[in-house]
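final26.txt (compact mmCIF, C-alpha atoms and all ligand atoms) appears below.
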# COMPACT_ATOMS: atom_id res chain seq x y z
CA MET Z 1 0.00 0.00 0.00
CA ARG Z 2 0.93 3.70 -0.13
CA ALA Z 3 1.27 5.45 3.21
CA TRP Z 4 2.57 8.68 4.69
CA ILE Z 5 5.58 7.45 6.63
CA LEU Z 6 7.13 9.33 9.55
CA ASP Z 7 10.81 8.32 9.67
CA GLN Z 8 11.92 10.51 12.56
CA PHE Z 9 10.46 12.87 15.16
CA GLY Z 10 11.07 16.53 14.45
CA GLY Z 11 7.86 17.62 12.76
CA LEU Z 12 5.67 17.12 9.74
CA ASP Z 13 8.58 17.84 7.36
CA HIS Z 14 9.70 14.29 8.08
CA LEU Z 15 6.60 12.78 6.45
CA ARG Z 16 7.03 11.11 3.05
CA LEU Z 17 4.60 9.25 0.81
CA ALA Z 18 6.05 5.79 0.21
CA ASP Z 19 5.29 2.11 -0.29
CA ALA Z 20 4.65 0.29 2.97
CA PRO Z 21 3.70 -3.27 3.83
CA ASP Z 22 -0.04 -4.01 3.83
CA PRO Z 23 -1.34 -4.52 7.37
CA SER Z 24 -2.70 -7.92 8.29
CA PRO Z 25 -5.39 -8.16 10.94
CA GLY Z 26 -4.47 -9.60 14.35
CA ALA Z 27 -6.96 -11.42 16.56
CA GLY Z 28 -9.99 -9.20 17.16
CA GLU Z 29 -8.98 -6.83 14.36
CA VAL Z 30 -10.07 -5.99 10.83
CA VAL Z 31 -8.28 -4.20 8.00
CA LEU Z 32 -10.07 -1.18 6.54
CA ASP Z 33 -9.47 0.03 2.99
CA LEU Z 34 -9.64 3.73 3.82
CA GLU Z 35 -11.81 6.20 1.92
CA PHE Z 36 -11.25 9.35 4.02
CA ALA Z 37 -9.00 10.27 6.94
CA ALA Z 38 -9.21 13.41 9.09
CA LEU Z 39 -6.38 15.57 10.44
CA ASN Z 40 -5.97 16.66 14.06
CA PRO Z 41 -3.44 18.97 15.73
CA ALA Z 42 -2.41 15.93 17.80
CA ASP Z 43 -0.85 14.43 14.64
CA ARG Z 44 1.49 17.42 14.44
CA TYR Z 45 2.35 17.24 18.15
CA LEU Z 46 3.11 13.52 17.82
CA SER Z 47 5.36 14.15 14.79
CA GLN Z 48 7.25 16.72 16.86
CA GLY Z 49 7.75 14.25 19.71
CA GLN Z 50 5.57 16.49 21.92
CA TYR Z 51 3.01 13.84 22.79
CA PRO Z 52 2.90 11.42 25.70
CA ALA Z 53 3.15 8.51 23.23
CA ALA Z 54 6.34 7.94 21.25
CA PRO Z 55 5.59 5.06 18.85
CA PRO Z 56 8.37 3.05 17.27
CA LEU Z 57 9.55 4.45 13.91
CA PRO Z 58 8.68 4.33 11.10
CA HIS Z 59 5.16 5.37 12.04
CA VAL Z 60 1.95 6.30 10.23
CA LEU Z 61 -0.06 9.17 11.75
CA GLY Z 62 -3.85 9.65 11.55
CA ARG Z 63 -6.43 9.12 14.31
CA ASP Z 64 -9.69 9.39 12.37
CA GLY Z 65 -10.96 7.66 9.25
CA ILE Z 66 -13.64 5.72 7.42
CA GLY Z 67 -13.26 2.70 5.15
CA THR Z 68 -14.55 -0.72 4.18
CA VAL Z 69 -13.44 -4.01 5.69
CA SER Z 70 -11.06 -5.88 3.39
CA ALA Z 71 -9.68 -8.52 5.79
CA VAL Z 72 -10.92 -10.04 9.04
CA GLY Z 73 -8.75 -11.49 11.81
CA SER Z 74 -9.55 -14.40 14.10
CA ASP Z 75 -12.05 -13.87 16.93
CA VAL Z 76 -14.07 -11.39 14.87
CA TRP Z 77 -17.73 -12.24 14.90
CA ARG Z 78 -20.06 -9.58 13.66
CA LEU Z 79 -18.04 -7.72 11.02
CA THR Z 80 -17.87 -8.82 7.40
CA ILE Z 81 -15.84 -8.00 4.30
CA GLY Z 82 -17.20 -4.95 2.50
CA GLN Z 83 -18.82 -3.42 5.58
CA ARG Z 84 -18.20 0.33 5.97
CA LEU Z 85 -16.92 1.42 9.40
CA VAL Z 86 -15.59 4.49 11.22
CA VAL Z 87 -12.61 4.55 13.60
CA LEU Z 88 -14.02 5.73 16.92
CA ARG Z 89 -11.10 5.71 19.32
CA GLY Z 90 -8.09 3.78 20.48
CA GLU Z 91 -4.43 3.58 19.64
CA THR Z 92 -4.86 4.07 15.87
CA GLY Z 93 -2.31 6.68 14.78
CA VAL Z 94 -0.83 6.83 18.30
CA SER Z 95 0.98 3.61 19.24
CA ARG Z 96 -0.32 1.76 16.14
CA TRP Z 97 -0.13 2.78 12.49
CA GLY Z 98 -2.87 5.24 11.64
CA THR Z 99 -5.15 6.38 8.85
CA PHE Z 100 -2.84 8.42 6.56
CA ALA Z 101 -2.48 5.25 4.49
CA GLN Z 102 -4.49 3.21 2.04
CA ARG Z 103 -5.12 0.53 4.67
CA VAL Z 104 -5.17 0.29 8.45
CA ALA Z 105 -5.67 -2.57 10.91
CA VAL Z 106 -8.04 -1.60 13.75
CA GLU Z 107 -9.35 -3.41 16.82
CA THR Z 108 -13.04 -4.14 16.27
CA ASP Z 109 -14.10 -2.56 19.56
CA SER Z 110 -12.65 0.74 18.32
CA LEU Z 111 -15.01 0.81 15.32
CA VAL Z 112 -18.58 2.03 14.82
CA LEU Z 113 -21.07 2.17 11.97
CA PRO Z 114 -21.28 5.50 10.10
CA PRO Z 115 -24.05 7.62 11.67
CA GLU Z 116 -27.32 7.59 9.75
CA GLY Z 117 -27.74 10.55 7.40
CA TRP Z 118 -24.11 11.68 7.62
CA THR Z 119 -21.84 11.71 4.56
CA LEU Z 120 -18.66 9.64 4.50
CA GLN Z 121 -16.66 12.84 5.07
CA GLN Z 122 -18.77 13.98 8.02
CA SER Z 123 -18.47 10.52 9.58
CA ALA Z 124 -14.71 10.27 9.00
CA GLY Z 125 -13.88 13.55 10.73
CA ALA Z 126 -16.20 13.45 13.72
CA PRO Z 127 -15.09 10.90 16.34
CA LEU Z 128 -12.03 12.47 17.98
CA VAL Z 129 -13.38 16.02 18.14
CA TYR Z 130 -16.98 15.19 19.08
CA LEU Z 131 -15.89 12.83 21.87
CA THR Z 132 -13.52 15.54 23.12
CA ALA Z 133 -16.21 18.22 23.01
CA TYR Z 134 -18.67 15.90 24.74
CA GLN Z 135 -16.19 15.20 27.55
CA ALA Z 136 -15.47 18.93 27.91
CA LEU Z 137 -19.20 19.65 28.25
CA THR Z 138 -20.17 16.77 30.52
CA GLN Z 139 -17.17 16.18 32.79
CA TRP Z 140 -18.73 18.45 35.43
CA GLY Z 141 -21.96 16.43 35.65
CA ASP Z 142 -25.30 17.64 34.39
CA LEU Z 143 -25.29 21.42 34.07
CA ALA Z 144 -28.50 23.41 34.12
CA PRO Z 145 -28.81 25.53 30.96
CA SER Z 146 -25.64 27.56 31.14
CA MET Z 147 -23.58 30.12 29.25
CA VAL Z 148 -20.73 28.24 27.56
CA LEU Z 149 -17.72 30.10 26.14
CA ILE Z 150 -15.66 28.30 23.48
CA THR Z 151 -12.20 29.47 22.39
CA GLY Z 152 -10.99 28.35 18.96
CA ALA Z 153 -14.69 27.85 18.23
CA SER Z 154 -14.21 27.49 14.46
CA GLY Z 155 -11.96 24.41 14.74
CA GLY Z 156 -12.83 20.75 14.91
CA VAL Z 157 -13.40 20.65 18.67
CA GLY Z 158 -14.90 24.16 18.67
CA VAL Z 159 -17.66 23.47 16.14
CA ALA Z 160 -18.44 20.15 17.84
CA ALA Z 161 -18.64 21.88 21.24
CA LEU Z 162 -20.90 24.60 19.81
CA GLN Z 163 -23.33 22.11 18.25
CA LEU Z 164 -23.42 19.85 21.32
CA ALA Z 165 -23.76 22.80 23.74
CA LYS Z 166 -26.72 24.12 21.78
CA ALA Z 167 -28.27 20.65 21.65
CA LEU Z 168 -27.93 20.49 25.45
CA GLY Z 169 -29.82 23.79 25.77
CA HIS Z 170 -26.88 26.06 26.65
CA GLY Z 171 -26.14 29.55 25.40
CA VAL Z 172 -22.86 29.84 23.51
CA VAL Z 173 -20.18 32.52 23.25
CA ALA Z 174 -17.88 31.63 20.33
CA LEU Z 175 -14.42 33.17 19.88
CA SER Z 176 -12.74 33.33 16.47
CA ARG Z 177 -10.11 35.67 15.04
CA ASP Z 178 -11.76 35.69 11.63
CA PRO Z 179 -14.81 37.88 10.83
CA ASP Z 180 -16.24 35.48 8.23
CA LYS Z 181 -15.92 32.56 10.61
CA ARG Z 182 -17.60 34.58 13.37
CA LYS Z 183 -20.57 35.09 11.01
CA ALA Z 184 -20.62 31.35 10.25
CA LEU Z 185 -20.53 30.52 13.97
CA LEU Z 186 -23.58 32.74 14.55
CA THR Z 187 -25.35 30.90 11.73
CA LEU Z 188 -24.45 27.61 13.41
CA GLY Z 189 -26.26 28.79 16.53
CA ALA Z 190 -23.76 30.76 18.64
CA ASP Z 191 -25.50 33.48 20.65
CA HIS Z 192 -22.42 35.73 20.67
CA ALA Z 193 -19.33 35.69 18.46
CA LEU Z 194 -16.31 37.77 19.41
CA ASP Z 195 -12.76 38.40 18.22
CA PRO Z 196 -10.25 37.30 20.90
CA THR Z 197 -7.61 39.63 19.43
CA ASP Z 198 -9.85 42.66 20.12
CA PRO Z 199 -8.50 44.09 23.41
CA ALA Z 200 -12.07 45.06 24.33
CA TRP Z 201 -13.65 41.63 23.77
CA VAL Z 202 -14.07 40.84 27.49
CA ALA Z 203 -15.73 44.23 28.16
CA LYS Z 204 -17.96 43.82 25.09
CA LEU Z 205 -19.03 40.36 26.23
CA LYS Z 206 -19.83 41.56 29.75
CA GLU Z 207 -21.91 44.35 28.26
CA SER Z 208 -23.87 41.91 26.06
CA LEU Z 209 -24.40 39.43 28.89
CA GLY Z 210 -25.61 42.05 31.36
CA PRO Z 211 -25.51 40.61 34.89
CA ARG Z 212 -24.94 37.11 33.51
CA ARG Z 213 -21.45 35.58 33.31
CA VAL Z 214 -19.89 32.52 31.69
CA ASP Z 215 -20.63 29.27 33.56
CA LEU Z 216 -18.43 26.91 31.55
CA ALA Z 217 -15.46 27.73 29.32
CA ILE Z 218 -14.09 25.19 26.84
CA ASP Z 219 -10.57 26.32 26.11
CA ASN Z 220 -8.81 25.05 23.00
CA ILE Z 221 -6.21 27.82 22.92
CA GLY Z 222 -4.58 28.57 26.30
CA GLY Z 223 -1.79 31.16 26.07
CA ALA Z 224 -2.58 34.74 27.02
CA LEU Z 225 -6.26 34.18 26.16
CA PHE Z 226 -6.67 31.89 29.17
CA THR Z 227 -6.42 34.71 31.72
CA GLN Z 228 -8.92 36.78 29.72
CA VAL Z 229 -11.32 33.84 29.70
CA ILE Z 230 -11.05 33.72 33.51
CA GLU Z 231 -12.24 37.35 33.63
CA THR Z 232 -15.51 36.37 31.94
CA MET Z 233 -16.38 33.60 34.43
CA GLY Z 234 -19.12 33.82 37.01
CA GLY Z 235 -19.00 32.42 40.55
CA GLY Z 236 -18.56 28.64 40.62
CA GLY Z 237 -17.63 28.66 36.92
CA ARG Z 238 -15.79 25.73 35.34
CA ILE Z 239 -13.06 25.70 32.73
CA SER Z 240 -12.51 22.57 30.63
CA VAL Z 241 -8.95 22.78 29.35
CA VAL Z 242 -8.76 21.03 25.97
CA GLY Z 243 -5.88 22.45 23.95
CA LEU Z 244 -2.95 24.80 23.86
CA LEU Z 245 -2.76 26.19 20.33
CA GLY Z 246 -1.85 29.59 21.84
CA GLY Z 247 1.06 28.10 23.83
CA PRO Z 248 1.75 28.16 27.57
CA VAL Z 249 -0.38 30.35 29.85
CA PRO Z 250 1.59 33.32 31.19
CA GLN Z 251 1.65 33.92 34.94
CA PHE Z 252 -1.70 34.70 36.49
CA ASN Z 253 -2.89 35.47 39.99
CA THR Z 254 -4.58 32.45 41.55
CA ALA Z 255 -6.78 34.88 43.49
CA ALA Z 256 -8.74 34.97 40.24
CA LEU Z 257 -9.70 31.38 41.04
CA PHE Z 258 -10.49 31.42 44.72
CA PHE Z 259 -12.70 34.49 45.07
CA ARG Z 260 -15.16 33.05 42.52
CA ARG Z 261 -14.42 29.40 43.40
CA LEU Z 262 -13.55 28.63 39.77
CA LYS Z 263 -12.71 25.05 38.88
CA ILE Z 264 -10.24 24.07 36.18
CA GLY Z 265 -10.32 20.54 34.74
CA GLY Z 266 -8.27 18.92 32.01
CA VAL Z 267 -9.95 17.05 29.16
CA ALA Z 268 -8.30 13.89 27.78
CA VAL Z 269 -10.30 12.09 25.14
CA GLY Z 270 -7.83 9.20 25.30
CA ALA Z 271 -8.83 8.64 28.93
CA TYR Z 272 -12.25 7.39 27.86
CA THR Z 273 -12.36 3.62 28.23
CA ARG Z 274 -13.74 1.67 25.28
CA ALA Z 275 -17.12 1.39 27.01
CA GLU Z 276 -17.15 5.08 27.96
CA ALA Z 277 -16.26 6.15 24.43
CA HIS Z 278 -19.06 4.06 22.92
CA ALA Z 279 -21.55 5.38 25.50
CA ALA Z 280 -20.44 8.98 24.89
CA TRP Z 281 -20.67 8.47 21.11
CA ASP Z 282 -24.21 7.09 21.37
CA ALA Z 283 -25.24 9.96 23.65
CA LEU Z 284 -23.77 12.66 21.43
CA LEU Z 285 -25.26 11.12 18.28
CA ALA Z 286 -28.68 11.21 19.95
CA LEU Z 287 -28.13 14.91 20.69
CA MET Z 288 -27.03 15.62 17.11
CA GLN Z 289 -29.98 13.71 15.71
CA ARG Z 290 -32.41 15.58 17.93
CA SER Z 291 -30.96 18.97 16.99
CA GLY Z 292 -30.49 18.02 13.33
CA SER Z 293 -26.92 19.33 13.26
CA LYS Z 294 -24.20 17.63 11.23
CA PRO Z 295 -20.38 17.85 11.37
CA LEU Z 296 -18.84 20.60 9.28
CA VAL Z 297 -16.23 19.75 6.66
CA ASP Z 298 -13.79 22.60 5.98
CA ARG Z 299 -11.89 21.16 3.04
CA VAL Z 300 -10.92 17.83 1.50
CA PHE Z 301 -7.38 17.34 0.14
CA ALA Z 302 -6.11 14.62 -2.20
CA PHE Z 303 -4.08 11.82 -0.61
CA ASP Z 304 -0.79 13.18 -1.93
CA GLU Z 305 -1.55 16.68 -0.53
CA LEU Z 306 -1.16 15.87 3.17
CA PRO Z 307 1.42 18.66 3.81
CA ALA Z 308 -0.96 21.24 2.28
CA ALA Z 309 -3.79 19.81 4.39
CA PHE Z 310 -1.68 20.32 7.54
CA ASP Z 311 -0.97 23.92 6.43
CA ARG Z 312 -4.72 24.48 6.15
CA LEU Z 313 -5.24 23.02 9.64
CA ALA Z 314 -2.55 25.29 11.10
CA ALA Z 315 -4.05 28.36 9.39
CA GLY Z 316 -7.38 27.76 11.17
CA PRO Z 317 -10.18 25.80 9.49
CA LEU Z 318 -13.96 26.03 9.86
CA GLY Z 319 -14.72 22.46 10.85
CA LYS Z 320 -12.65 19.46 9.79
CA VAL Z 321 -9.81 19.11 7.29
CA LEU Z 322 -9.87 15.74 5.50
CA LEU Z 323 -7.76 13.60 3.22
CA ARG Z 324 -9.45 11.72 0.36
CA ILE Z 325 -7.76 8.34 0.17
CA ARG Z 326 -9.95 6.40 -2.26
N1 LIG Z 401 -7.43 17.20 25.36
C1 LIG Z 401 -7.86 16.41 24.37
O1 LIG Z 401 -8.26 15.25 24.58
C2 LIG Z 401 -7.89 16.97 22.97
C3 LIG Z 401 -8.60 16.32 21.96
C4 LIG Z 401 -8.67 16.94 20.70
C5 LIG Z 401 -8.00 18.13 20.48
N2 LIG Z 401 -7.26 18.68 21.48
C6 LIG Z 401 -6.54 19.95 21.30
O2 LIG Z 401 -7.51 20.99 21.22
C7 LIG Z 401 -7.01 22.04 20.39
C8 LIG Z 401 -8.02 22.34 19.30
O3 LIG Z 401 -8.14 21.22 18.44
P1 LIG Z 401 -8.95 21.33 17.09
O4 LIG Z 401 -8.97 19.99 16.48
O5 LIG Z 401 -10.24 22.03 17.33
O6 LIG Z 401 -8.00 22.33 16.25
P2 LIG Z 401 -8.30 23.09 14.90
O7 LIG Z 401 -9.33 22.36 14.13
O8 LIG Z 401 -6.98 23.36 14.29
O9 LIG Z 401 -8.99 24.48 15.33
C9 LIG Z 401 -8.52 25.34 16.27
C10 LIG Z 401 -9.04 26.75 16.04
O10 LIG Z 401 -8.35 27.59 16.97
C11 LIG Z 401 -7.95 28.80 16.37
N3 LIG Z 401 -6.47 28.89 16.46
C12 LIG Z 401 -5.57 28.10 15.84
N4 LIG Z 401 -4.32 28.46 16.19
C13 LIG Z 401 -4.46 29.49 17.05
C14 LIG Z 401 -3.54 30.29 17.78
N5 LIG Z 401 -2.21 30.11 17.67
N6 LIG Z 401 -4.01 31.27 18.57
C15 LIG Z 401 -5.34 31.48 18.68
N7 LIG Z 401 -6.26 30.74 18.01
C16 LIG Z 401 -5.82 29.76 17.22
C17 LIG Z 401 -8.43 28.77 14.94
O11 LIG Z 401 -9.63 29.54 14.94
P3 LIG Z 401 -9.73 31.04 14.34
O12 LIG Z 401 -8.76 31.11 13.19
O13 LIG Z 401 -11.16 31.07 13.89
O14 LIG Z 401 -9.43 31.94 15.46
C18 LIG Z 401 -8.74 27.32 14.67
O15 LIG Z 401 -9.83 27.17 13.80
C19 LIG Z 401 -5.65 21.56 19.89
O16 LIG Z 401 -4.63 22.05 20.76
C20 LIG Z 401 -5.74 20.05 20.03
O17 LIG Z 401 -4.49 19.43 20.15
C21 LIG Z 401 -7.19 18.12 22.71
Target encoding structure tokens, full file:
Amino acid sequence: MRAWILDQFGGLDHLRLADAPDPSPGAGEVVLDLEFAALNPADRYLSQGQYPAAPPLPHVLGRDGIGTVSAVGSDVWRLTIGQRLVVLRGETGVSRWGTFAQRVAVETDSLVLPPEGWTLQQSAGAPLVYLTAYQALTQWGDLAPSMVLITGASGGVGVAALQLAKALGHGVVALSRDPDKRKALLTLGADHALDPTDPAWVAKLKESLGPRRVDLAIDNIGGALFTQVIETMGGGGRISVVGLLGGPVPQFNTAALFFRRLKIGGVAVGAYTRAEAHAAWDALLALMQRSGSKPLVDRVFAFDELPAAFDRLAAGPLGKVLLRIR
């Protein structure tokens, strides 16, 4: 098969499209002939050696994808050749070879059927970001209808968090640096859309919210924005820390936390057990079906355009960036 091979850590420049051995399915595994794969910032971090996992090299990146079963290992009962399946979770693209390849071997309990009514592309790009957004929204238990602020709201996790928050009955404040994307986020259901590079955004938000404040922040960015997000929080507010695209958070005064009893909690989609991931997936699909929202595809690149697809992801997409494999 053809695959994007990572020969050494040090970044995406070390990826090359090459011939690689076809995977064969182990016990409890199937091989998928991939149709689409989706990109995630985690792929870049892993290529840079900035990820908890350091797989043996050469490695194939890619956490998300959809394809049809072309080989079945022993101890596989319900899956058959030709069946179309989506990678839900697991070690694919982390400690095992991933989806930036024509074929991938996946454990059967890490696979799900494509959601009804979704395109192949929507299905391929959804699992990692929707599970992450769901964990960020629900890790604090059931929240009464709340005001949810989302940083990096135009990205994969951001759009998922916006759609799921609205489906759960929350109000949403969406932050994006791009005016067109802010308009799109309002169309997707955000109640407020603000530019985090505007020095007055916190004051403008407080003015729009009146006496209300943010109850839950989902932070994909970190960096200097994190301390500004804290300023928008009401008493007892929670912050789900998802990502760090803006880099490390500069010093801040912890008094900002204790006077309002703010709680900060990390999100780790990989910490979902198999059973938890399947339960979360079923729950979030029910929410999406009830609200009628579908995942947003930003752009689809040809298989040999993976570096350009990563450039698009780094520039800031609106939804998911995908690779067409077959
Ligand atoms: N903890 C977990 O389990 C978990 C799981 C999945 C993802 N993540 C992390 O969550 C973060 C978001 O992931 P994603 O898939 O949503 O990423 P994404 O699709 O690349 O979107 C992120 C959005 O953030 C904005 N952005 C990008 N770089 C920025 C920067 N340097 N400063 C400020 N804003 C920036 C862009 O929006 P605008 O251009 O519109 O401003 C972009 O659309 C990443 O750090 C990722 O690694 C964590």
For this session: Measure the distance from CA of Ala268 (chain Z) to CA of Gly98 (chain Z) in Å and round it to one decimal.
Result: 19.1 Å
Problem set entry | Nearby polymer residues, ligand LIG 401 (chain Z), at most 6 Å, all atoms listed in the file, as number ranges by chain | Z: 40-42, 129, 132, 152, 154-158, 176-178, 181, 220-221, 242-246, 267-269, 313-314, 316-318
Around all of region 322-326 of chain Z's listed atoms, make the axis-aligned box with 5 Å on each side and tell me centre and edge lengths in Å to one decimal, as lines of an AutoDock Vina configuration file.
center_x = -8.9
center_y = 11.1
center_z = 1.6
size_x = 12.2
size_y = 19.3
size_z = 17.8
Find the nearest atom pair between each residue of region 104-170 of chain Z and region 279-297 of chain Z for residues within 10 Å, count only C-alpha atoms, give distances in Å to one decimal, sort rows by chain and ascending number, and present the table as JSON lines.
{"residue": "Z:Val112", "atom": "CA", "partner": "Z:Trp281", "partner_atom": "CA", "distance": 9.2}
{"residue": "Z:Pro115", "atom": "CA", "partner": "Z:Leu285", "partner_atom": "CA", "distance": 7.6}
{"residue": "Z:Glu116", "atom": "CA", "partner": "Z:Gln289", "partner_atom": "CA", "distance": 8.9}
{"residue": "Z:Gly117", "atom": "CA", "partner": "Z:Lys294", "partner_atom": "CA", "distance": 8.8}
{"residue": "Z:Trp118", "atom": "CA", "partner": "Z:Lys294", "partner_atom": "CA", "distance": 7.0}
{"residue": "Z:Thr119", "atom": "CA", "partner": "Z:Lys294", "partner_atom": "CA", "distance": 9.2}
{"residue": "Z:Gln121", "atom": "CA", "partner": "Z:Val297", "partner_atom": "CA", "distance": 7.1}
{"residue": "Z:Gln122", "atom": "CA", "partner": "Z:Pro295", "partner_atom": "CA", "distance": 5.4}
{"residue": "Z:Ser123", "atom": "CA", "partner": "Z:Pro295", "partner_atom": "CA", "distance": 7.8}
{"residue": "Z:Ala124", "atom": "CA", "partner": "Z:Pro295", "partner_atom": "CA", "distance": 9.8}
{"residue": "Z:Gly125", "atom": "CA", "partner": "Z:Val297", "partner_atom": "CA", "distance": 7.8}
{"residue": "Z:Ala126", "atom": "CA", "partner": "Z:Pro295", "partner_atom": "CA", "distance": 6.5}
{"residue": "Z:Pro127", "atom": "CA", "partner": "Z:Trp281", "partner_atom": "CA", "distance": 7.7}
{"residue": "Z:Val129", "atom": "CA", "partner": "Z:Pro295", "partner_atom": "CA", "distance": 9.9}
{"residue": "Z:Tyr130", "atom": "CA", "partner": "Z:Leu284", "partner_atom": "CA", "distance": 7.6}
{"residue": "Z:Leu131", "atom": "CA", "partner": "Z:Trp281", "partner_atom": "CA", "distance": 6.5}
{"residue": "Z:Thr132", "atom": "CA", "partner": "Z:Ala280", "partner_atom": "CA", "distance": 9.7}
{"residue": "Z:Ala133", "atom": "CA", "partner": "Z:Leu284", "partner_atom": "CA", "distance": 9.5}
{"residue": "Z:Tyr134", "atom": "CA", "partner": "Z:Leu284", "partner_atom": "CA", "distance": 6.9}
{"residue": "Z:Gln135", "atom": "CA", "partner": "Z:Ala280", "partner_atom": "CA", "distance": 8.0}
{"residue": "Z:Thr138", "atom": "CA", "partner": "Z:Ala280", "partner_atom": "CA", "distance": 9.6}
{"residue": "Z:Ser154", "atom": "CA", "partner": "Z:Leu296", "partner_atom": "CA", "distance": 9.8}
{"residue": "Z:Gly155", "atom": "CA", "partner": "Z:Leu296", "partner_atom": "CA", "distance": 9.6}
{"residue": "Z:Gly156", "atom": "CA", "partner": "Z:Leu296", "partner_atom": "CA", "distance": 8.2}
{"residue": "Z:Val159", "atom": "CA", "partner": "Z:Leu296", "partner_atom": "CA", "distance": 7.5}
{"residue": "Z:Ala160", "atom": "CA", "partner": "Z:Pro295", "partner_atom": "CA", "distance": 7.1}
{"residue": "Z:Gln163", "atom": "CA", "partner": "Z:Ser293", "partner_atom": "CA", "distance": 6.7}
{"residue": "Z:Leu164", "atom": "CA", "partner": "Z:Leu287", "partner_atom": "CA", "distance": 6.9}
{"residue": "Z:Ala165", "atom": "CA", "partner": "Z:Leu287", "partner_atom": "CA", "distance": 9.5}
{"residue": "Z:Lys166", "atom": "CA", "partner": "Z:Ser291", "partner_atom": "CA", "distance": 8.2}
{"residue": "Z:Ala167", "atom": "CA", "partner": "Z:Ser291", "partner_atom": "CA", "distance": 5.6}
{"residue": "Z:Leu168", "atom": "CA", "partner": "Z:Leu287", "partner_atom": "CA", "distance": 7.3}
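The spacing separating CA of Ala315 (chain Z) from CA of Asp198 (chain Z) amounts to 18.8 Å.
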Kindly extract all protein, DNA and RNA residues lying within 9 Å of the coordinates (-5.8, 25.8, 35.3) given in the file, considering only C-alpha atoms, and supply them as a PDB file with C-alpha atoms, keeping the file's coordinate frame.
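Wrote part_17.pdb, looks like this:
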ATOM      1  CA  PHE Z 226      -6.670  31.890  29.170  1.00  0.00           C
ATOM      2  CA  ILE Z 239     -13.060  25.700  32.730  1.00  0.00           C
ATOM      3  CA  SER Z 240     -12.510  22.570  30.630  1.00  0.00           C
ATOM      4  CA  VAL Z 241      -8.950  22.780  29.350  1.00  0.00           C
ATOM      5  CA  VAL Z 249      -0.380  30.350  29.850  1.00  0.00           C
ATOM      6  CA  LEU Z 257      -9.700  31.380  41.040  1.00  0.00           C
ATOM      7  CA  LYS Z 263     -12.710  25.050  38.880  1.00  0.00           C
ATOM      8  CA  ILE Z 264     -10.240  24.070  36.180  1.00  0.00           C
ATOM      9  CA  GLY Z 265     -10.320  20.540  34.740  1.00  0.00           C
ATOM     10  CA  GLY Z 266      -8.270  18.920  32.010  1.00  0.00           C
TER      11      GLY Z 266
END
For this session: Do a neighbour search on Ala105 (chain Z) at 7 Å with all atoms listed in the file, toss out local chain neighbours closer than 5 positions, and write the hits as a list in words.
Result: Pro23, Ser24, Pro25, Glu29, Val30, Val31 and Leu32 of chain Z
Exercise. Quick one: residues within 7 Å of region 8-21 of chain Z, all atoms listed in the file counted, chain neighbours fewer than 5 positions away excluded, as number ranges by chain?
Worked result: Z: 1-3, 44, 47-49, 57
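Picture a line from CA of Tyr272 (chain Z) to CA of Asp33 (chain Z); it runs 26.1 Å.
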For this session: Between Z:Leu61, Z:Ala200, Z:Ala224, Z:Leu186, single out the one closest to Asp7 (chain Z), counting only C-alpha atoms.
Result: Z:Leu61
Exercise. If we count all atoms listed in the file, what is near Glu91 (chain Z) at a cut-off of 10 Å, once residues fewer than 6 positions away on the same chain are taken out, given as an MDAnalysis selection string?
Worked result: chainID Z and resid 53 63 97:98 106:107 110 270
Seminar exercise, completed: Min atom-atom distance to Thr92 (chain Z) from the set Z:Pro55, Z:Pro211, Z:Gly171, Z:Gly236, counting all atoms listed in the file, belongs to Z:Pro55
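Within the 9 Å cut-off around Ile230 (chain Z), using only C-alpha atoms and omitting residues fewer than 3 positions from it on the same chain, the listed residues are Ala217, Leu225, Phe226, Thr227, Met233, Gly234, Gly237, Ile239, Ala256, Leu257 and Leu262 of chain Z.
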